[in-house]
Amino acid sequence: MGIIKRYIPTLVYDKIQELEYKNKEHLYVICDMIYRSSIYKNEDKDYSNIFMDIPKFYFRDIICDSKNLSMAFDILKRSGVVLSDGIYSKQQGKALGYKFNNSFISKLISVNIEKKTITKRIIINKNQRNNLVKEELKTYRDYYLNNFKIDYDSALNYLNNSYNNSISNLNSSYVGEKRNKEWVKIVHKYNHMMISLSAINDGELYFRKNKTNGRIDTNLTSLKSEYKQFIVGGSKLNQIDIVNSQPFILSLYLNSLTPSYVGEKVDNRELRKYTKWTSDGIFYEMMIREYFTISGKLLERDEVKNMMFCVFYSKNGSYRKEKNMFKTIFPSLMEYIEREKNNKHNEFSIKLQKLESGICMDIISQRLDKENIKYFTIHDAWLVSDENLIKTENIILEEFTNKYNYTPKLKIDKIKNK
Amino acid sequence: MRELKLYPIYYEGKKYTEEECNDIFKAFYTCIEAYNHDVGVYVSEGMWIGPDGETKHW
């Protein structure tokens with residue numbers, strides 16, 4: 001079965017060595033899971049070491065024996081390493097909260113897990129999750145799971161430099177209790193990134209098809225952009241993006257409706273203008289220009305981009321200012337979108353996300369698989385090598401033409417090694 | 001195989017229930033793995049959104 005690495009704070013490791021406890025690997029696994037769950041369960045967002053609610057089943061999936069699990073928790077609590085908030089309520093769905101004692105917060109180190117019963121459970125859990133994909137996604141999944149790697153040493157070096165800069169800023173900016181609080185945040189931030197990078201390095205990759213919107217979520221899709229430079233082969237990789245992607249996806253949706261239906265609900269001239277701007281990849285720039293002509297106000301590109309996300313994805317009634325800007329230029333489109341979002345606004349956003357994943361994953365990526373082109377995806381973007389760049393571009397445009405009879409503008413950026 | 005619950009989420013020291021999270025965030029936060037602890041969930045075109053509705057290019 002081999003060895004599996006887990007990551008725990010250095011001071012916790014030192015303390016565990018002092019304890020007279022036979023199953024030390026149980027303690028390592030629990031401590032690792034407390035940290036790891038803070039990444040995947042999304043808590044501790046500001047890195048200030050707060051209690052995280054973690055259901056017992058999460059631990060029991062790895063350490064099956066309840067007696068062993070209880071004993072391990074008991075010793076971690078008695079030795080002061082782990083604190084619990086002691087609040088549990090089945091009715092309110094509140095699991096016990098756990099965190100490390102502040103005095104044990106320190107940079108993570110890796111520990112080896114060799115006990116077969118534990119390594120087996122960790123692998124089963126990981127595989128169960130990655131196997132939940134349909135047959136047609138398996139070519140990409142297998143390629144991703146076998147080939148997505150990072151230059152771990154360089155990435156860690158970059159992370160360490162960033163950590164050292166933060167520490168030296170901290171020393172010159174804070175003193176006393178405030179400094180201690182900020183120090184905990186910096187260490188947590190370092191540890192969170194280290195676990196993400198180590199998961200990739202250790203081959204603990206995840207690949208999930210999101211049942212709601214059809215998107216594929218992987219370690220890559222949640223990787224901070226500045227770490228893309230460390231993807232193995234990154235110096236030869238190019239990222240292909242759809243320009244003004246979300247507005248373009250809406251144009252696909254509107255143009256796939258029957259002309260008579262659209263004619264009744266949306267002004268045809270408006271729709272043609274919207275379609276032209278989005279497919280030419282000049283939507284944000286034209287919005288800035290036209291809004292300036294009408295109102296005399298100059299918007300920033302990011303303002304327009306934010307505005308569009310508000311128009312598409314927020315509840316009717318919220319973000320009025322942003323929606324009025326859009327309505328100034330596309331009144332009947334705005335009315336149509338509001339009607340679509342009348343009952344459950346989320347359903348409209350999910351329709352658009354499904355349309356995006358439908359064309360990007362189910363059509364284009366599968367065509368790339370058939371053509372034996374190797375790639376990684378980030379929802380509406382593809383990473384491909386230099387030799388596959390032109391062929392991939394052509395396939396993307398061809399598939400948009402086949403399905404919708406028009407194409408988006410594509411943007412190509414080389415992944416740069418810093 | 002059981003899943004961890006999506007909510008609540010802690011952000012900037014505040015606990016957010018599903019009802020308290022931003023609409024746009026909720027539209028994209030549909031599975032735990034989609035979340036990044038630094039910036040929230042990926043929307044599109046390099047833009048991420050947090051539970052409080054704050055958007056970031058990251």
# chains A, B, ... in the order shown; residues from 1 in each chain; ligands from 1
>>> residues_around(residues="stretch 110-112 of chain A", least_positions_apart="2", cutoff="7 Å", atoms="only C-alpha atoms", output="NGL selection string")
:A and (3-8 or 108 or 114)
>>> write_last_selection(atoms="all heavy atoms", output="mmCIF file, in the first residue's frame")
data_model
loop_
_atom_site.group_PDB
_atom_site.id
_atom_site.type_symbol
_atom_site.label_atom_id
_atom_site.label_comp_id
_atom_site.auth_asym_id
_atom_site.auth_seq_id
_atom_site.Cartn_x
_atom_site.Cartn_y
_atom_site.Cartn_z
ATOM 1 N N ILE A 3 3.541 4.352 1.626
ATOM 2 C CA ILE A 3 3.474 5.370 2.690
ATOM 3 C C ILE A 3 2.640 6.553 2.198
ATOM 4 O O ILE A 3 2.738 6.940 1.036
ATOM 5 C CB ILE A 3 4.909 5.831 3.028
ATOM 6 C CG1 ILE A 3 5.674 4.665 3.662
ATOM 7 C CG2 ILE A 3 4.903 7.046 3.940
ATOM 8 C CD1 ILE A 3 7.160 4.889 3.785
ATOM 9 N N ILE A 4 1.861 7.133 3.090
ATOM 10 C CA ILE A 4 1.101 8.334 2.741
ATOM 11 C C ILE A 4 1.563 9.454 3.662
ATOM 12 O O ILE A 4 1.793 9.242 4.849
ATOM 13 C CB ILE A 4 -0.412 8.068 2.879
ATOM 14 C CG1 ILE A 4 -0.865 7.207 1.696
ATOM 15 C CG2 ILE A 4 -1.216 9.367 2.933
ATOM 16 C CD1 ILE A 4 -2.321 6.920 1.635
ATOM 17 N N LYS A 5 1.712 10.636 3.097
ATOM 18 C CA LYS A 5 2.162 11.774 3.915
ATOM 19 C C LYS A 5 0.973 12.537 4.475
ATOM 20 O O LYS A 5 -0.029 12.726 3.779
ATOM 21 C CB LYS A 5 3.006 12.720 3.070
ATOM 22 C CG LYS A 5 4.398 12.204 2.831
ATOM 23 C CD LYS A 5 5.205 13.221 2.065
ATOM 24 C CE LYS A 5 6.606 12.694 1.815
ATOM 25 N NZ LYS A 5 7.335 13.513 0.877
ATOM 26 N N ARG A 6 1.093 12.973 5.691
ATOM 27 C CA ARG A 6 0.127 13.880 6.311
ATOM 28 C C ARG A 6 0.920 15.071 6.826
ATOM 29 O O ARG A 6 2.148 14.998 6.964
ATOM 30 C CB ARG A 6 -0.636 13.224 7.467
ATOM 31 C CG ARG A 6 -1.465 11.989 7.102
ATOM 32 C CD ARG A 6 -2.731 12.329 6.355
ATOM 33 N NE ARG A 6 -2.519 12.295 4.913
ATOM 34 C CZ ARG A 6 -3.466 12.446 4.002
ATOM 35 N NH1 ARG A 6 -4.712 12.659 4.360
ATOM 36 N NH2 ARG A 6 -3.192 12.411 2.736
ATOM 37 N N TYR A 7 0.222 16.151 7.158
ATOM 38 C CA TYR A 7 0.928 17.383 7.533
ATOM 39 C C TYR A 7 0.389 17.929 8.850
ATOM 40 O O TYR A 7 -0.824 18.124 8.989
ATOM 41 C CB TYR A 7 0.774 18.407 6.404
ATOM 42 C CG TYR A 7 1.427 17.894 5.142
ATOM 43 C CD1 TYR A 7 0.724 17.067 4.260
ATOM 44 C CD2 TYR A 7 2.753 18.163 4.867
ATOM 45 C CE1 TYR A 7 1.326 16.533 3.126
ATOM 46 C CE2 TYR A 7 3.369 17.644 3.738
ATOM 47 C CZ TYR A 7 2.659 16.830 2.875
ATOM 48 O OH TYR A 7 3.267 16.303 1.765
ATOM 49 N N ILE A 8 1.298 18.134 9.788
ATOM 50 C CA ILE A 8 0.868 18.654 11.091
ATOM 51 C C ILE A 8 1.834 19.758 11.552
ATOM 52 O O ILE A 8 2.988 19.789 11.119
ATOM 53 C CB ILE A 8 0.787 17.533 12.163
ATOM 54 C CG1 ILE A 8 2.165 16.910 12.434
ATOM 55 C CG2 ILE A 8 -0.202 16.446 11.768
ATOM 56 C CD1 ILE A 8 2.165 15.934 13.601
ATOM 57 N N LEU A 108 3.847 23.751 9.092
ATOM 58 C CA LEU A 108 3.579 22.314 8.985
ATOM 59 C C LEU A 108 4.839 21.538 8.605
ATOM 60 O O LEU A 108 5.698 22.046 7.888
ATOM 61 C CB LEU A 108 2.525 22.041 7.904
ATOM 62 C CG LEU A 108 1.124 22.613 8.123
ATOM 63 C CD1 LEU A 108 0.231 22.270 6.934
ATOM 64 C CD2 LEU A 108 0.505 22.074 9.399
ATOM 65 N N GLU A 114 2.183 4.846 7.839
ATOM 66 C CA GLU A 114 2.534 3.542 7.267
ATOM 67 C C GLU A 114 1.529 2.455 7.619
ATOM 68 O O GLU A 114 1.502 1.399 7.003
ATOM 69 C CB GLU A 114 3.929 3.132 7.753
ATOM 70 C CG GLU A 114 5.003 4.093 7.263
ATOM 71 C CD GLU A 114 6.391 3.738 7.766
ATOM 72 O OE1 GLU A 114 6.665 2.550 7.943
ATOM 73 O OE2 GLU A 114 7.185 4.666 7.985
#
>>> residues_around(residues="stretch 73-77 of chain A", least_positions_apart="5", cutoff="8 Å", atoms="only C-alpha atoms", output="PyMOL selection string")
chain A and resi 27+30+82-84
>>> write_last_selection(atoms="C-alpha atoms", output="CSV table (one decimal), in the first residue's frame")
chain,number,residue,atom,x,y,z
A,27,LEU,CA,-2.9,11.4,16.3
A,30,ILE,CA,-6.6,13.6,13.3
A,82,VAL,CA,-6.5,20.3,20.4
A,83,LEU,CA,-9.3,22.3,21.9
A,84,SER,CA,-13.0,21.6,21.4
>>> closest_residue(among="B:Tyr16, B:Asn36, B:Cys21, B:Pro51", to="chain A", atoms="only C-alpha atoms")
B:Asn36
>>> closest_atom_pairs(of="stretch 31-109 of chain A", to="stretch 9-24 of chain A", cutoff="7 Å", atoms="only C-alpha atoms", output="tab-separated table")
residue	atom	partner	partner_atom	distance
A:Val81	CA	A:Val12	CA	6.6
A:Phe104	CA	A:Leu11	CA	5.2
A:Ile105	CA	A:Pro9	CA	6.3
A:Ser106	CA	A:Pro9	CA	5.1
A:Lys107	CA	A:Pro9	CA	5.4
A:Leu108	CA	A:Pro9	CA	4.2
A:Ile109	CA	A:Thr10	CA	5.7
>>> atom_distance(atom1="atom CA of A:Thr221", atom2="atom CA of A:Phe100")
28.8 Å
>>> decode(residues="stretch 296-319 of chain A", atoms="N, CA, C and O atoms", output="short mmCIF file (atom, residue, chain, number, x, y, z; two decimals), in the first residue's frame")
data_model
loop_
_atom_site.label_atom_id
_atom_site.label_comp_id
_atom_site.auth_asym_id
_atom_site.auth_seq_id
_atom_site.Cartn_x
_atom_site.Cartn_y
_atom_site.Cartn_z
N GLY A 296 -22.23 60.19 -19.75
CA GLY A 296 -21.08 61.05 -19.50
C GLY A 296 -20.17 60.48 -18.42
O GLY A 296 -19.19 61.12 -18.04
N LYS A 297 -20.50 59.28 -17.93
CA LYS A 297 -19.66 58.67 -16.87
C LYS A 297 -18.75 57.60 -17.48
O LYS A 297 -19.21 56.79 -18.29
N LEU A 298 -17.50 57.64 -17.06
CA LEU A 298 -16.54 56.67 -17.58
C LEU A 298 -16.38 55.51 -16.59
O LEU A 298 -15.98 55.71 -15.45
N LEU A 299 -16.72 54.31 -17.06
CA LEU A 299 -16.61 53.12 -16.19
C LEU A 299 -15.28 52.42 -16.44
O LEU A 299 -14.71 52.51 -17.53
N GLU A 300 -14.78 51.73 -15.41
CA GLU A 300 -13.58 50.90 -15.57
C GLU A 300 -14.03 49.54 -16.13
O GLU A 300 -15.17 49.12 -15.92
N ARG A 301 -13.09 48.84 -16.77
CA ARG A 301 -13.43 47.52 -17.34
C ARG A 301 -13.91 46.56 -16.25
O ARG A 301 -14.91 45.85 -16.43
N ASP A 302 -13.22 46.55 -15.10
CA ASP A 302 -13.61 45.64 -14.02
C ASP A 302 -14.98 45.98 -13.45
O ASP A 302 -15.71 45.10 -13.00
N GLU A 303 -15.33 47.28 -13.49
CA GLU A 303 -16.66 47.70 -13.02
C GLU A 303 -17.74 47.08 -13.90
O GLU A 303 -18.77 46.60 -13.42
N VAL A 304 -17.48 47.10 -15.21
CA VAL A 304 -18.45 46.55 -16.15
C VAL A 304 -18.56 45.04 -15.96
O VAL A 304 -19.65 44.46 -15.98
N LYS A 305 -17.42 44.42 -15.73
CA LYS A 305 -17.39 42.97 -15.53
C LYS A 305 -18.19 42.61 -14.28
O LYS A 305 -19.05 41.72 -14.31
N ASN A 306 -17.95 43.33 -13.20
CA ASN A 306 -18.71 43.10 -11.96
C ASN A 306 -20.19 43.31 -12.19
O ASN A 306 -21.03 42.55 -11.70
N MET A 307 -20.48 44.37 -12.94
CA MET A 307 -21.88 44.70 -13.22
C MET A 307 -22.57 43.53 -13.92
O MET A 307 -23.69 43.15 -13.57
N MET A 308 -21.86 42.92 -14.85
CA MET A 308 -22.48 41.82 -15.60
C MET A 308 -22.74 40.61 -14.71
O MET A 308 -23.76 39.93 -14.85
N PHE A 309 -21.83 40.35 -13.77
CA PHE A 309 -22.07 39.22 -12.86
C PHE A 309 -23.29 39.50 -11.98
O PHE A 309 -24.05 38.59 -11.67
N CYS A 310 -23.46 40.77 -11.61
CA CYS A 310 -24.64 41.14 -10.81
C CYS A 310 -25.91 40.95 -11.64
O CYS A 310 -26.92 40.43 -11.15
N VAL A 311 -25.85 41.39 -12.89
CA VAL A 311 -27.03 41.28 -13.77
C VAL A 311 -27.43 39.80 -13.95
O VAL A 311 -28.59 39.43 -13.83
N PHE A 312 -26.45 38.96 -14.18
CA PHE A 312 -26.75 37.56 -14.47
C PHE A 312 -27.14 36.75 -13.23
O PHE A 312 -27.99 35.90 -13.29
N TYR A 313 -26.42 36.98 -12.15
CA TYR A 313 -26.47 36.00 -11.08
C TYR A 313 -27.12 36.43 -9.77
O TYR A 313 -27.31 35.60 -8.89
N SER A 314 -27.43 37.71 -9.62
CA SER A 314 -28.00 38.13 -8.33
C SER A 314 -29.53 38.17 -8.39
O SER A 314 -30.13 38.18 -9.47
N LYS A 315 -30.13 38.21 -7.20
CA LYS A 315 -31.60 38.26 -7.09
C LYS A 315 -32.13 39.55 -7.71
O LYS A 315 -31.48 40.59 -7.62
N ASN A 316 -33.33 39.46 -8.29
CA ASN A 316 -33.98 40.68 -8.75
C ASN A 316 -34.16 41.57 -7.52
O ASN A 316 -34.48 41.10 -6.44
N GLY A 317 -33.96 42.84 -7.68
CA GLY A 317 -34.15 43.73 -6.53
C GLY A 317 -32.83 44.12 -5.89
O GLY A 317 -32.74 45.18 -5.27
N SER A 318 -31.80 43.27 -6.04
CA SER A 318 -30.50 43.65 -5.47
C SER A 318 -29.65 44.28 -6.59
O SER A 318 -29.96 44.14 -7.77
N TYR A 319 -28.58 44.93 -6.21
CA TYR A 319 -27.64 45.57 -7.14
C TYR A 319 -28.39 46.45 -8.17
O TYR A 319 -28.17 46.33 -9.37
#
